[in-house]
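Asks: Structure provided below as structure tokens; questions to follow.
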Amino acid sequence: MRAVRLRQLEILAALAAQPTLARAAAALHLTPSAVSQQIAALARAAGAPVLERVGRRLVLTPAGEVLARAAAAVQAELRRAAEELAAQRGLAQSLLSVGVISAGDSFLPALLARYCEGRRGVRVALAVCNREELIRRLVEDRCDLAVMSHPPAASRFLAVPFATHPIVLVAPAGHPLAQRQRLALGEALAGPVIAREPGSVTRAAMDELLRRARLHVSIAFETASNETIKQAVIAGFGVAFLSAHAIGAEVREGRLAVLDVRGLPVRRRWYTVVRRGRRLPPAAAGFATFLHEEGERELLRTVPKELRALWSR
């Protein structure tokens with residue numbers, strides 16, 4: 001492995017992202033022949049093929065996947081080193097690479113904007129994805145810090161709570177149950193239910209609640225999109241469990257109603273999650289501190305007054 005060169009790892013990473021030789025060569029400003037030569041040299045150094053052709057696409061072999069992870073780690077370390085060197089020289093430019101589950105995309109941009117006030121040199125790279133992809137990004141050093149409400153249990157991660165995350169049951173504003181108080185869960189879920197996909201935090205909260213209540217519901221359809229769920233509820237397709245952070249605009253505009261159900265909201269917590277033992281770049285470390293010290297207060301500022309009672313109910 002001593003013969004492996006950094007440029008070869010960069011080329012492999014480009015091929016993983018652009019799985020055709022021509023596209024990767026164009027992105028690298030190289031000829032296809034030069035790319036092929038470097039990949040052949042990398043394969044010789046690894047002692048195994050790193051790419052194989054499937055139809056018109058190039059895909060990573062098991063050896064290629066190992067080296068692609070190494071390439072991502074090396075690139076992340078070089079980026080952190082550049083940021084630390086810039087900080088030592090008194091340069092303000094710094095990249096904040098953060099990821100959030102989809103339920104948090106309604107408030108995290110506001111918290112990022114608040115944090116970046118007075119820090120004009122901070123550039124933000126924000127990824128919004130499901131929990132599994134977010135954990136994968138942390139493992140592969142493709143983001144420095146993640147915000148989620150169901151952190152991984154693995155010891156290689158460090159999760160710190162910073163704010164409350166209520167999950168509620170919503171219906172169209174004109175729903176017959178919208179004016180009722182202290183509904184039984186079974187009554188509220190007697191009709192069709194629109195559900196997030198299995199594996200999501202909202203779906204896990206719903207499933208746990210149903211197990212405890214020994215209830216079975218009729219799921220009209222499942223989707224990974226909060227926006228699709230909201231539009232389906234507004235259209236009268238059924239009721240749905242959603243993060244209280246995701247429904248502010250619709251409640252304020254009178255398109256969605258939060259049902260008053262005994263035992264709700266389900267209370268979760270928002271966490272910052274990082275890979276344990278990893279030294280965060282200055283911008284990410286500063287943002288984590290900001291969330292731990294001011295996140296709850298700043299997050300509540302993003303919540304419309306119509307929903308604030310949920311945080312104390």
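Naming works like this for the structure tokens: A, B, ... for the chains as they're shown, residue 1 at the start of each chain, ligands 1 onward in shown order.
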Can you list, as a short mmCIF file (atom, residue, chain, number, x, y, z; two decimals) with all heavy atoms, in the first residue's frame, every residue of region 105-307 of chain A that DSSP puts in alpha helix (DSSP H)?
Replies:
```
data_model
loop_
_atom_site.label_atom_id
_atom_site.label_comp_id
_atom_site.auth_asym_id
_atom_site.auth_seq_id
_atom_site.Cartn_x
_atom_site.Cartn_y
_atom_site.Cartn_z
N LEU A 108 -33.42 24.14 11.26
CA LEU A 108 -31.96 24.23 11.32
C LEU A 108 -31.39 25.39 10.51
O LEU A 108 -30.44 26.04 10.96
CB LEU A 108 -31.32 22.91 10.90
CG LEU A 108 -29.84 22.80 11.30
CD1 LEU A 108 -29.69 22.80 12.81
CD2 LEU A 108 -29.20 21.56 10.71
N PRO A 109 -31.94 25.72 9.32
CA PRO A 109 -31.40 26.89 8.61
C PRO A 109 -31.46 28.17 9.44
O PRO A 109 -30.54 28.99 9.39
CB PRO A 109 -32.29 26.97 7.36
CG PRO A 109 -32.70 25.56 7.11
CD PRO A 109 -32.91 24.97 8.48
N ALA A 110 -32.54 28.33 10.23
CA ALA A 110 -32.64 29.52 11.08
C ALA A 110 -31.57 29.51 12.16
O ALA A 110 -30.98 30.56 12.48
CB ALA A 110 -34.03 29.61 11.71
N LEU A 111 -31.29 28.33 12.74
CA LEU A 111 -30.24 28.25 13.76
C LEU A 111 -28.86 28.48 13.14
O LEU A 111 -28.00 29.12 13.76
CB LEU A 111 -30.29 26.89 14.45
CG LEU A 111 -31.55 26.56 15.24
CD1 LEU A 111 -31.37 25.26 16.01
CD2 LEU A 111 -31.93 27.67 16.19
N LEU A 112 -28.67 27.97 11.93
CA LEU A 112 -27.40 28.22 11.24
C LEU A 112 -27.21 29.70 10.96
O LEU A 112 -26.11 30.25 11.14
CB LEU A 112 -27.35 27.41 9.94
CG LEU A 112 -27.13 25.91 10.09
CD1 LEU A 112 -27.47 25.18 8.80
CD2 LEU A 112 -25.69 25.62 10.50
N ALA A 113 -28.29 30.35 10.52
CA ALA A 113 -28.19 31.79 10.24
C ALA A 113 -27.87 32.56 11.50
O ALA A 113 -27.06 33.51 11.48
CB ALA A 113 -29.51 32.28 9.64
N ARG A 114 -28.49 32.17 12.60
CA ARG A 114 -28.23 32.84 13.88
C ARG A 114 -26.77 32.65 14.29
O ARG A 114 -26.10 33.60 14.73
CB ARG A 114 -29.15 32.26 14.94
CG ARG A 114 -29.03 32.90 16.30
CD ARG A 114 -29.63 34.28 16.32
NE ARG A 114 -29.73 34.79 17.69
CZ ARG A 114 -30.05 36.02 17.99
NH1 ARG A 114 -30.34 36.89 17.03
NH2 ARG A 114 -30.11 36.41 19.25
N TYR A 115 -26.28 31.44 14.15
CA TYR A 115 -24.88 31.17 14.51
C TYR A 115 -23.91 31.95 13.63
O TYR A 115 -22.88 32.43 14.11
CB TYR A 115 -24.61 29.66 14.39
CG TYR A 115 -23.15 29.29 14.53
CD1 TYR A 115 -22.50 29.40 15.75
CD2 TYR A 115 -22.41 28.86 13.43
CE1 TYR A 115 -21.17 29.07 15.88
CE2 TYR A 115 -21.08 28.53 13.56
CZ TYR A 115 -20.46 28.64 14.78
OH TYR A 115 -19.13 28.32 14.91
N CYS A 116 -24.23 32.07 12.35
CA CYS A 116 -23.31 32.71 11.41
C CYS A 116 -23.32 34.24 11.51
O CYS A 116 -22.48 34.89 10.88
CB CYS A 116 -23.63 32.28 9.98
SG CYS A 116 -23.23 30.55 9.64
N ARG A 131 -32.17 9.13 8.46
CA ARG A 131 -31.25 8.81 9.56
C ARG A 131 -30.11 7.90 9.10
O ARG A 131 -28.94 8.14 9.46
CB ARG A 131 -32.04 8.15 10.69
CG ARG A 131 -31.21 7.72 11.89
CD ARG A 131 -32.10 7.15 12.98
NE ARG A 131 -31.34 6.72 14.14
CZ ARG A 131 -30.83 5.51 14.29
NH1 ARG A 131 -31.04 4.59 13.33
NH2 ARG A 131 -30.14 5.20 15.38
N GLU A 132 -30.42 6.88 8.32
CA GLU A 132 -29.39 5.93 7.89
C GLU A 132 -28.33 6.63 7.06
O GLU A 132 -27.13 6.40 7.23
CB GLU A 132 -30.02 4.78 7.10
CG GLU A 132 -30.84 3.82 7.94
CD GLU A 132 -32.18 4.38 8.37
OE1 GLU A 132 -32.63 5.40 7.80
OE2 GLU A 132 -32.80 3.80 9.29
N GLU A 133 -28.75 7.48 6.13
CA GLU A 133 -27.79 8.20 5.30
C GLU A 133 -26.96 9.17 6.15
O GLU A 133 -25.76 9.35 5.91
CB GLU A 133 -28.52 8.96 4.19
CG GLU A 133 -27.65 9.89 3.36
CD GLU A 133 -26.52 9.20 2.61
OE1 GLU A 133 -26.60 7.97 2.41
OE2 GLU A 133 -25.56 9.89 2.24
N LEU A 134 -27.58 9.78 7.15
CA LEU A 134 -26.87 10.73 8.00
C LEU A 134 -25.78 10.01 8.80
O LEU A 134 -24.65 10.51 8.92
CB LEU A 134 -27.86 11.41 8.94
CG LEU A 134 -27.46 12.75 9.55
CD1 LEU A 134 -26.91 13.70 8.51
CD2 LEU A 134 -28.65 13.37 10.27
N ILE A 135 -26.10 8.85 9.32
CA ILE A 135 -25.09 8.07 10.05
C ILE A 135 -23.96 7.67 9.11
O ILE A 135 -22.77 7.72 9.47
CB ILE A 135 -25.74 6.84 10.71
CG1 ILE A 135 -26.71 7.28 11.81
CG2 ILE A 135 -24.67 5.90 11.27
CD1 ILE A 135 -27.55 6.16 12.37
N ARG A 136 -24.32 7.28 7.89
CA ARG A 136 -23.30 6.91 6.90
C ARG A 136 -22.37 8.10 6.61
O ARG A 136 -21.15 7.93 6.48
CB ARG A 136 -23.97 6.42 5.62
CG ARG A 136 -23.02 5.79 4.61
CD ARG A 136 -23.76 5.28 3.40
NE ARG A 136 -24.81 4.34 3.78
CZ ARG A 136 -26.10 4.55 3.61
NH1 ARG A 136 -26.52 5.67 3.05
NH2 ARG A 136 -26.98 3.65 3.97
N ARG A 137 -22.94 9.28 6.51
CA ARG A 137 -22.12 10.47 6.26
C ARG A 137 -21.13 10.73 7.40
O ARG A 137 -19.99 11.13 7.16
CB ARG A 137 -23.01 11.69 6.05
CG ARG A 137 -23.68 11.75 4.68
CD ARG A 137 -24.63 12.93 4.56
NE ARG A 137 -25.13 13.05 3.21
CZ ARG A 137 -24.56 13.78 2.26
NH1 ARG A 137 -23.48 14.49 2.54
NH2 ARG A 137 -25.04 13.82 1.05
N LEU A 138 -21.57 10.51 8.63
CA LEU A 138 -20.66 10.67 9.77
C LEU A 138 -19.53 9.66 9.71
O LEU A 138 -18.37 10.01 9.92
CB LEU A 138 -21.43 10.52 11.08
CG LEU A 138 -22.35 11.66 11.49
CD1 LEU A 138 -23.19 11.25 12.70
CD2 LEU A 138 -21.55 12.92 11.83
N VAL A 139 -19.88 8.41 9.43
CA VAL A 139 -18.87 7.35 9.39
C VAL A 139 -17.84 7.63 8.30
O VAL A 139 -16.63 7.42 8.48
CB VAL A 139 -19.54 5.98 9.15
CG1 VAL A 139 -18.50 4.90 8.86
CG2 VAL A 139 -20.39 5.59 10.36
N LEU A 185 -56.72 7.86 22.00
CA LEU A 185 -55.88 7.59 20.84
C LEU A 185 -56.62 6.73 19.81
O LEU A 185 -56.55 6.99 18.60
CB LEU A 185 -54.59 6.91 21.28
CG LEU A 185 -53.57 6.61 20.18
CD1 LEU A 185 -53.08 7.90 19.53
CD2 LEU A 185 -52.39 5.82 20.74
N GLY A 186 -57.34 5.73 20.28
CA GLY A 186 -58.06 4.85 19.36
C GLY A 186 -59.11 5.59 18.56
O GLY A 186 -59.31 5.31 17.37
N GLU A 187 -59.78 6.56 19.17
CA GLU A 187 -60.78 7.34 18.45
C GLU A 187 -60.12 8.23 17.40
O GLU A 187 -60.62 8.35 16.28
CB GLU A 187 -61.57 8.20 19.44
CG GLU A 187 -62.71 8.99 18.80
CD GLU A 187 -63.48 9.82 19.81
OE1 GLU A 187 -63.03 9.93 20.97
OE2 GLU A 187 -64.54 10.38 19.43
N ALA A 188 -58.99 8.83 17.76
CA ALA A 188 -58.30 9.72 16.83
C ALA A 188 -57.75 8.97 15.63
O ALA A 188 -57.61 9.53 14.54
CB ALA A 188 -57.17 10.45 17.55
N VAL A 201 -37.67 8.47 12.30
CA VAL A 201 -37.91 8.75 13.71
C VAL A 201 -39.41 8.88 13.98
O VAL A 201 -39.92 8.35 14.98
CB VAL A 201 -37.17 10.04 14.12
CG1 VAL A 201 -37.59 10.48 15.51
CG2 VAL A 201 -35.68 9.82 14.05
N THR A 202 -40.13 9.56 13.09
CA THR A 202 -41.56 9.75 13.29
C THR A 202 -42.29 8.41 13.25
O THR A 202 -43.19 8.15 14.05
CB THR A 202 -42.12 10.70 12.22
OG1 THR A 202 -41.34 11.90 12.19
CG2 THR A 202 -43.56 11.07 12.53
N ARG A 203 -41.92 7.55 12.32
CA ARG A 203 -42.57 6.23 12.23
C ARG A 203 -42.25 5.40 13.48
O ARG A 203 -43.13 4.69 14.01
CB ARG A 203 -42.10 5.51 10.97
CG ARG A 203 -42.68 4.12 10.80
CD ARG A 203 -44.22 4.15 10.70
NE ARG A 203 -44.75 2.81 10.47
CZ ARG A 203 -44.98 2.30 9.27
NH1 ARG A 203 -44.70 3.03 8.17
NH2 ARG A 203 -45.46 1.09 9.13
N ALA A 204 -41.02 5.48 13.97
CA ALA A 204 -40.66 4.72 15.17
C ALA A 204 -41.48 5.19 16.36
O ALA A 204 -41.94 4.37 17.18
CB ALA A 204 -39.17 4.87 15.46
N ALA A 205 -41.69 6.51 16.48
CA ALA A 205 -42.51 7.04 17.57
C ALA A 205 -43.95 6.56 17.44
O ALA A 205 -44.58 6.18 18.45
CB ALA A 205 -42.44 8.56 17.57
N MET A 206 -44.49 6.56 16.23
CA MET A 206 -45.85 6.09 16.01
C MET A 206 -45.97 4.61 16.35
O MET A 206 -46.91 4.20 17.06
CB MET A 206 -46.26 6.32 14.55
CG MET A 206 -47.69 5.90 14.22
SD MET A 206 -48.09 5.94 12.45
CE MET A 206 -47.53 4.29 11.98
N ASP A 207 -45.05 3.80 15.87
CA ASP A 207 -45.12 2.36 16.10
C ASP A 207 -45.02 2.03 17.60
O ASP A 207 -45.73 1.14 18.10
CB ASP A 207 -44.01 1.64 15.34
CG ASP A 207 -44.24 1.63 13.83
OD1 ASP A 207 -45.38 1.93 13.41
OD2 ASP A 207 -43.30 1.34 13.09
N GLU A 208 -44.15 2.74 18.29
CA GLU A 208 -44.01 2.51 19.73
C GLU A 208 -45.29 2.87 20.47
O GLU A 208 -45.75 2.15 21.36
CB GLU A 208 -42.83 3.33 20.28
CG GLU A 208 -42.61 3.14 21.77
CD GLU A 208 -41.49 4.01 22.31
OE1 GLU A 208 -40.76 4.62 21.50
OE2 GLU A 208 -41.34 4.08 23.54
N LEU A 209 -45.90 3.98 20.09
CA LEU A 209 -47.15 4.41 20.72
C LEU A 209 -48.26 3.39 20.47
O LEU A 209 -49.03 3.04 21.38
CB LEU A 209 -47.55 5.78 20.16
CG LEU A 209 -48.67 6.53 20.86
CD1 LEU A 209 -48.25 6.94 22.27
CD2 LEU A 209 -49.06 7.76 20.06
N LEU A 210 -48.35 2.88 19.25
CA LEU A 210 -49.38 1.88 18.93
C LEU A 210 -49.15 0.57 19.68
O LEU A 210 -50.10 -0.08 20.11
CB LEU A 210 -49.40 1.64 17.42
CG LEU A 210 -49.84 2.82 16.55
CD1 LEU A 210 -49.74 2.46 15.08
CD2 LEU A 210 -51.25 3.25 16.90
N ARG A 211 -47.90 0.16 19.81
CA ARG A 211 -47.60 -1.08 20.55
C ARG A 211 -48.03 -0.95 22.00
O ARG A 211 -48.64 -1.87 22.56
CB ARG A 211 -46.11 -1.40 20.47
CG ARG A 211 -45.67 -2.06 19.18
CD ARG A 211 -44.30 -2.67 19.30
NE ARG A 211 -43.28 -1.69 19.63
CZ ARG A 211 -42.59 -1.00 18.72
NH1 ARG A 211 -42.83 -1.19 17.43
NH2 ARG A 211 -41.68 -0.13 19.10
N ARG A 212 -47.71 0.19 22.60
CA ARG A 212 -48.07 0.38 24.01
C ARG A 212 -49.58 0.40 24.19
O ARG A 212 -50.10 -0.09 25.20
CB ARG A 212 -47.45 1.67 24.52
CG ARG A 212 -45.94 1.62 24.70
CD ARG A 212 -45.42 2.92 25.25
NE ARG A 212 -43.97 2.86 25.49
CZ ARG A 212 -43.26 3.88 25.96
NH1 ARG A 212 -43.86 5.03 26.23
NH2 ARG A 212 -41.97 3.74 26.15
N ALA A 213 -50.29 1.00 23.23
CA ALA A 213 -51.74 1.08 23.33
C ALA A 213 -52.44 -0.17 22.79
O ALA A 213 -53.66 -0.28 22.88
CB ALA A 213 -52.23 2.32 22.57
N ASN A 226 -42.10 14.48 4.31
CA ASN A 226 -43.00 15.22 5.20
C ASN A 226 -43.94 16.11 4.40
O ASN A 226 -45.11 16.28 4.76
CB ASN A 226 -42.19 16.09 6.16
CG ASN A 226 -41.63 15.28 7.31
OD1 ASN A 226 -42.16 14.23 7.67
ND2 ASN A 226 -40.56 15.76 7.91
N GLU A 227 -43.44 16.71 3.33
CA GLU A 227 -44.27 17.61 2.53
C GLU A 227 -45.43 16.85 1.89
O GLU A 227 -46.57 17.34 1.86
CB GLU A 227 -43.42 18.29 1.46
CG GLU A 227 -44.16 19.37 0.68
CD GLU A 227 -44.64 20.50 1.57
OE1 GLU A 227 -43.97 20.83 2.56
OE2 GLU A 227 -45.75 21.05 1.29
N THR A 228 -45.16 15.65 1.39
CA THR A 228 -46.23 14.84 0.81
C THR A 228 -47.27 14.48 1.86
O THR A 228 -48.49 14.51 1.59
CB THR A 228 -45.64 13.56 0.19
OG1 THR A 228 -44.71 13.92 -0.83
CG2 THR A 228 -46.73 12.69 -0.41
N ILE A 229 -46.81 14.13 3.05
CA ILE A 229 -47.74 13.80 4.13
C ILE A 229 -48.62 14.99 4.46
O ILE A 229 -49.85 14.86 4.59
CB ILE A 229 -46.98 13.33 5.38
CG1 ILE A 229 -46.35 11.96 5.12
CG2 ILE A 229 -47.90 13.25 6.58
CD1 ILE A 229 -45.51 11.44 6.26
N LYS A 230 -48.04 16.16 4.57
CA LYS A 230 -48.83 17.35 4.91
C LYS A 230 -49.88 17.63 3.84
O LYS A 230 -51.05 17.90 4.16
CB LYS A 230 -47.90 18.56 5.09
CG LYS A 230 -47.08 18.51 6.35
CD LYS A 230 -46.32 19.80 6.61
CE LYS A 230 -45.19 20.00 5.64
NZ LYS A 230 -44.38 21.20 5.98
N GLN A 231 -49.50 17.54 2.58
CA GLN A 231 -50.45 17.81 1.51
C GLN A 231 -51.56 16.76 1.48
O GLN A 231 -52.72 17.08 1.19
CB GLN A 231 -49.72 17.87 0.16
CG GLN A 231 -48.76 19.03 0.03
CD GLN A 231 -49.43 20.37 0.30
OE1 GLN A 231 -50.55 20.62 -0.15
NE2 GLN A 231 -48.74 21.23 1.02
N ALA A 232 -51.21 15.51 1.79
CA ALA A 232 -52.22 14.45 1.81
C ALA A 232 -53.21 14.66 2.95
O ALA A 232 -54.42 14.44 2.80
CB ALA A 232 -51.55 13.09 1.93
N VAL A 233 -52.71 15.08 4.11
CA VAL A 233 -53.60 15.36 5.24
C VAL A 233 -54.52 16.52 4.90
O VAL A 233 -55.73 16.47 5.13
CB VAL A 233 -52.79 15.64 6.52
CG1 VAL A 233 -53.72 16.11 7.64
CG2 VAL A 233 -52.02 14.40 6.96
N ILE A 234 -53.96 17.59 4.36
CA ILE A 234 -54.76 18.76 3.99
C ILE A 234 -55.85 18.37 3.00
O ILE A 234 -56.98 18.87 3.05
CB ILE A 234 -53.85 19.85 3.41
CG1 ILE A 234 -52.96 20.43 4.52
CG2 ILE A 234 -54.67 20.98 2.76
CD1 ILE A 234 -51.84 21.32 4.01
N GLY A 248 -45.43 24.24 11.23
CA GLY A 248 -45.71 25.60 11.68
C GLY A 248 -46.48 26.44 10.68
O GLY A 248 -47.49 27.08 11.02
N ALA A 249 -46.03 26.45 9.44
CA ALA A 249 -46.68 27.30 8.43
C ALA A 249 -48.11 26.86 8.18
O ALA A 249 -49.02 27.69 8.07
CB ALA A 249 -45.87 27.27 7.13
N GLU A 250 -48.34 25.56 8.10
CA GLU A 250 -49.68 25.04 7.80
C GLU A 250 -50.66 25.31 8.94
O GLU A 250 -51.83 25.60 8.72
CB GLU A 250 -49.60 23.55 7.49
CG GLU A 250 -48.90 23.20 6.19
CD GLU A 250 -47.38 23.26 6.29
OE1 GLU A 250 -46.86 23.35 7.45
OE2 GLU A 250 -46.72 23.21 5.25
N VAL A 251 -50.20 25.21 10.19
CA VAL A 251 -51.06 25.51 11.33
C VAL A 251 -51.36 27.01 11.39
O VAL A 251 -52.50 27.43 11.60
CB VAL A 251 -50.42 25.02 12.65
CG1 VAL A 251 -51.18 25.55 13.86
CG2 VAL A 251 -50.36 23.50 12.68
N ARG A 252 -50.34 27.81 11.18
CA ARG A 252 -50.52 29.27 11.21
C ARG A 252 -51.48 29.73 10.13
O ARG A 252 -52.28 30.66 10.34
CB ARG A 252 -49.15 29.95 11.06
CG ARG A 252 -49.20 31.47 11.23
CD ARG A 252 -47.80 32.06 11.27
NE ARG A 252 -47.00 31.65 10.14
CZ ARG A 252 -45.90 30.89 10.21
NH1 ARG A 252 -45.47 30.46 11.39
NH2 ARG A 252 -45.24 30.56 9.13
N PRO A 282 -12.98 24.15 13.60
CA PRO A 282 -13.44 25.25 14.45
C PRO A 282 -14.90 25.63 14.25
O PRO A 282 -15.63 25.86 15.22
CB PRO A 282 -12.51 26.40 14.07
CG PRO A 282 -11.27 25.74 13.56
CD PRO A 282 -11.72 24.48 12.89
N ALA A 283 -15.36 25.67 13.00
CA ALA A 283 -16.75 26.08 12.75
C ALA A 283 -17.73 25.08 13.32
O ALA A 283 -18.75 25.45 13.92
CB ALA A 283 -16.98 26.26 11.25
N ALA A 284 -17.46 23.78 13.16
CA ALA A 284 -18.36 22.75 13.67
C ALA A 284 -18.34 22.72 15.19
O ALA A 284 -19.39 22.57 15.84
CB ALA A 284 -17.98 21.39 13.10
N ALA A 285 -17.15 22.86 15.78
CA ALA A 285 -17.06 22.88 17.24
C ALA A 285 -17.82 24.07 17.81
O ALA A 285 -18.53 23.95 18.82
CB ALA A 285 -15.60 22.92 17.67
N GLY A 286 -17.71 25.22 17.16
CA GLY A 286 -18.42 26.41 17.61
C GLY A 286 -19.92 26.25 17.49
O GLY A 286 -20.69 26.68 18.37
N PHE A 287 -20.38 25.62 16.39
CA PHE A 287 -21.82 25.44 16.20
C PHE A 287 -22.37 24.45 17.23
O PHE A 287 -23.49 24.64 17.75
CB PHE A 287 -22.10 24.94 14.79
CG PHE A 287 -23.57 24.87 14.45
CD1 PHE A 287 -24.39 25.98 14.59
CD2 PHE A 287 -24.13 23.68 14.01
CE1 PHE A 287 -25.75 25.91 14.27
CE2 PHE A 287 -25.48 23.60 13.70
CZ PHE A 287 -26.29 24.72 13.84
N ALA A 288 -21.63 23.40 17.55
CA ALA A 288 -22.07 22.45 18.57
C ALA A 288 -22.22 23.16 19.92
O ALA A 288 -23.22 22.96 20.63
CB ALA A 288 -21.07 21.29 18.69
N THR A 289 -21.26 23.99 20.27
CA THR A 289 -21.35 24.74 21.53
C THR A 289 -22.56 25.67 21.52
O THR A 289 -23.29 25.78 22.51
CB THR A 289 -20.06 25.55 21.76
OG1 THR A 289 -18.95 24.65 21.84
CG2 THR A 289 -20.14 26.36 23.04
N PHE A 290 -22.79 26.33 20.39
CA PHE A 290 -23.95 27.22 20.26
C PHE A 290 -25.25 26.45 20.49
O PHE A 290 -26.14 26.92 21.22
CB PHE A 290 -23.93 27.85 18.87
CG PHE A 290 -25.20 28.54 18.47
CD1 PHE A 290 -25.50 29.81 18.94
CD2 PHE A 290 -26.11 27.91 17.62
CE1 PHE A 290 -26.68 30.45 18.57
CE2 PHE A 290 -27.29 28.54 17.25
CZ PHE A 290 -27.58 29.81 17.73
N LEU A 291 -25.39 25.27 19.89
CA LEU A 291 -26.61 24.49 20.05
C LEU A 291 -26.78 24.03 21.49
O LEU A 291 -27.89 24.07 22.04
CB LEU A 291 -26.59 23.28 19.12
CG LEU A 291 -26.75 23.57 17.63
CD1 LEU A 291 -26.70 22.27 16.83
CD2 LEU A 291 -28.05 24.30 17.32
N HIS A 292 -25.71 23.58 22.14
CA HIS A 292 -25.81 23.09 23.51
C HIS A 292 -26.16 24.21 24.48
O HIS A 292 -26.87 23.98 25.47
CB HIS A 292 -24.50 22.42 23.93
CG HIS A 292 -24.15 21.25 23.07
ND1 HIS A 292 -22.85 20.81 22.91
CD2 HIS A 292 -24.91 20.44 22.30
CE1 HIS A 292 -22.84 19.78 22.10
NE2 HIS A 292 -24.07 19.53 21.71
N GLU A 293 -25.67 25.41 24.23
CA GLU A 293 -25.89 26.51 25.16
C GLU A 293 -27.15 27.32 24.85
O GLU A 293 -27.82 27.82 25.76
CB GLU A 293 -24.67 27.44 25.16
CG GLU A 293 -23.41 26.77 25.72
CD GLU A 293 -22.21 27.70 25.68
OE1 GLU A 293 -22.33 28.81 25.08
OE2 GLU A 293 -21.15 27.33 26.23
N GLU A 294 -27.47 27.47 23.56
CA GLU A 294 -28.57 28.36 23.18
C GLU A 294 -29.61 27.70 22.28
O GLU A 294 -30.60 28.34 21.90
CB GLU A 294 -28.00 29.59 22.45
CG GLU A 294 -26.95 30.34 23.25
CD GLU A 294 -26.39 31.53 22.47
OE1 GLU A 294 -27.19 32.25 21.85
OE2 GLU A 294 -25.16 31.71 22.48
N GLY A 295 -29.42 26.43 21.93
CA GLY A 295 -30.28 25.78 20.95
C GLY A 295 -31.74 25.75 21.33
O GLY A 295 -32.60 26.06 20.50
N GLU A 296 -32.07 25.38 22.57
CA GLU A 296 -33.48 25.30 22.98
C GLU A 296 -34.16 26.66 22.84
O GLU A 296 -35.27 26.76 22.27
CB GLU A 296 -33.57 24.82 24.43
CG GLU A 296 -34.99 24.63 24.94
CD GLU A 296 -35.56 23.27 24.59
OE1 GLU A 296 -35.18 22.27 25.24
OE2 GLU A 296 -36.40 23.21 23.67
N ARG A 297 -33.54 27.69 23.35
CA ARG A 297 -34.14 29.03 23.29
C ARG A 297 -34.27 29.51 21.84
O ARG A 297 -35.32 30.03 21.44
CB ARG A 297 -33.30 30.01 24.10
CG ARG A 297 -33.88 31.43 24.12
CD ARG A 297 -33.07 32.36 24.99
NE ARG A 297 -31.73 32.58 24.47
CZ ARG A 297 -30.62 32.08 25.01
NH1 ARG A 297 -30.70 31.30 26.08
NH2 ARG A 297 -29.44 32.31 24.49
N GLU A 298 -33.22 29.32 21.07
CA GLU A 298 -33.26 29.79 19.68
C GLU A 298 -34.25 28.98 18.85
O GLU A 298 -34.93 29.53 17.97
CB GLU A 298 -31.86 29.70 19.05
CG GLU A 298 -30.86 30.68 19.64
CD GLU A 298 -31.23 32.12 19.36
OE1 GLU A 298 -31.93 32.38 18.36
OE2 GLU A 298 -30.84 33.00 20.14
N LEU A 299 -34.36 27.68 19.14
CA LEU A 299 -35.30 26.85 18.40
C LEU A 299 -36.74 27.29 18.67
O LEU A 299 -37.56 27.35 17.75
CB LEU A 299 -35.08 25.39 18.77
CG LEU A 299 -35.83 24.35 17.94
CD1 LEU A 299 -35.01 23.07 17.87
CD2 LEU A 299 -37.18 24.04 18.53
N LEU A 300 -37.05 27.61 19.91
CA LEU A 300 -38.41 28.05 20.23
C LEU A 300 -38.77 29.35 19.52
O LEU A 300 -39.94 29.61 19.24
CB LEU A 300 -38.56 28.21 21.74
CG LEU A 300 -38.81 26.92 22.50
CD1 LEU A 300 -38.78 27.15 24.01
CD2 LEU A 300 -40.14 26.30 22.10
N ARG A 301 -37.77 30.15 19.20
CA ARG A 301 -38.04 31.38 18.46
C ARG A 301 -38.53 31.09 17.05
O ARG A 301 -39.21 31.91 16.44
CB ARG A 301 -36.76 32.25 18.39
CG ARG A 301 -36.36 32.86 19.71
CD ARG A 301 -35.05 33.60 19.61
NE ARG A 301 -35.08 34.64 18.59
CZ ARG A 301 -34.07 35.45 18.33
NH1 ARG A 301 -32.93 35.33 19.01
NH2 ARG A 301 -34.16 36.36 17.39
#
```
Asks: Step one, run DSSP on the backbone; step two, keep only residues of region 44-127 of chain A assigned to strand (DSSP E); then write them as number ranges by chain.
Replies: A: 51-54, 57-60, 94-100, 122-127
Asks: Tell me, as an MDAnalysis selection string, which residues lie within 12 Å of Gln8 (chain A), counting only C-alpha atoms; anything in the same chain fewer than 4 positions away does not count.
Replies: chainID A and resid 1 3:4 12:15 28 34:46 50 64 67:68 70:71 74
Asks: Wanna dump the region 244-270 of chain A-region 152-174 of chain A contacts at 7 Å for me, each residue with its shortest atom pair and the distance in Å to one decimal, counting only C-alpha atoms, ordered by chain and number, as a Markdown table?
Replies:
```
| residue | atom | partner | partner_atom | distance |
| --- | --- | --- | --- | --- |
| A:Ala244 | CA | A:Ile167 | CA | 5.6 |
| A:Gly254 | CA | A:Ala173 | CA | 6.1 |
| A:Arg255 | CA | A:Ala173 | CA | 5.2 |
| A:Leu256 | CA | A:Ala173 | CA | 4.6 |
| A:Ala257 | CA | A:Ala173 | CA | 4.7 |
| A:Val258 | CA | A:Val170 | CA | 4.6 |
| A:Leu259 | CA | A:Val170 | CA | 5.7 |
| A:Leu264 | CA | A:Val168 | CA | 6.3 |
| A:Pro265 | CA | A:Val168 | CA | 4.9 |
| A:Val266 | CA | A:Ile167 | CA | 5.0 |
| A:Arg267 | CA | A:Pro166 | CA | 4.7 |
| A:Arg268 | CA | A:His165 | CA | 4.8 |
| A:Arg269 | CA | A:Thr164 | CA | 4.6 |
| A:Trp270 | CA | A:Ala163 | CA | 5.2 |
```
Asks: Do a neighbour search on Glu52 (chain A) at 12 Å with only C-alpha atoms, toss out local chain neighbours closer than 3 positions, and write the hits as a list in words.
Replies: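 So, after excluding close chain neighbours, the residues are Leu15, Ala16, Pro19, Thr20, Leu21, Ile39, Ala40, Ala43, Ala48, Pro49, Gly55, Arg56, Arg57, Leu58, Val59, Leu60, Thr61, Pro62, Ala63, Gly64 and Glu65 of chain A.
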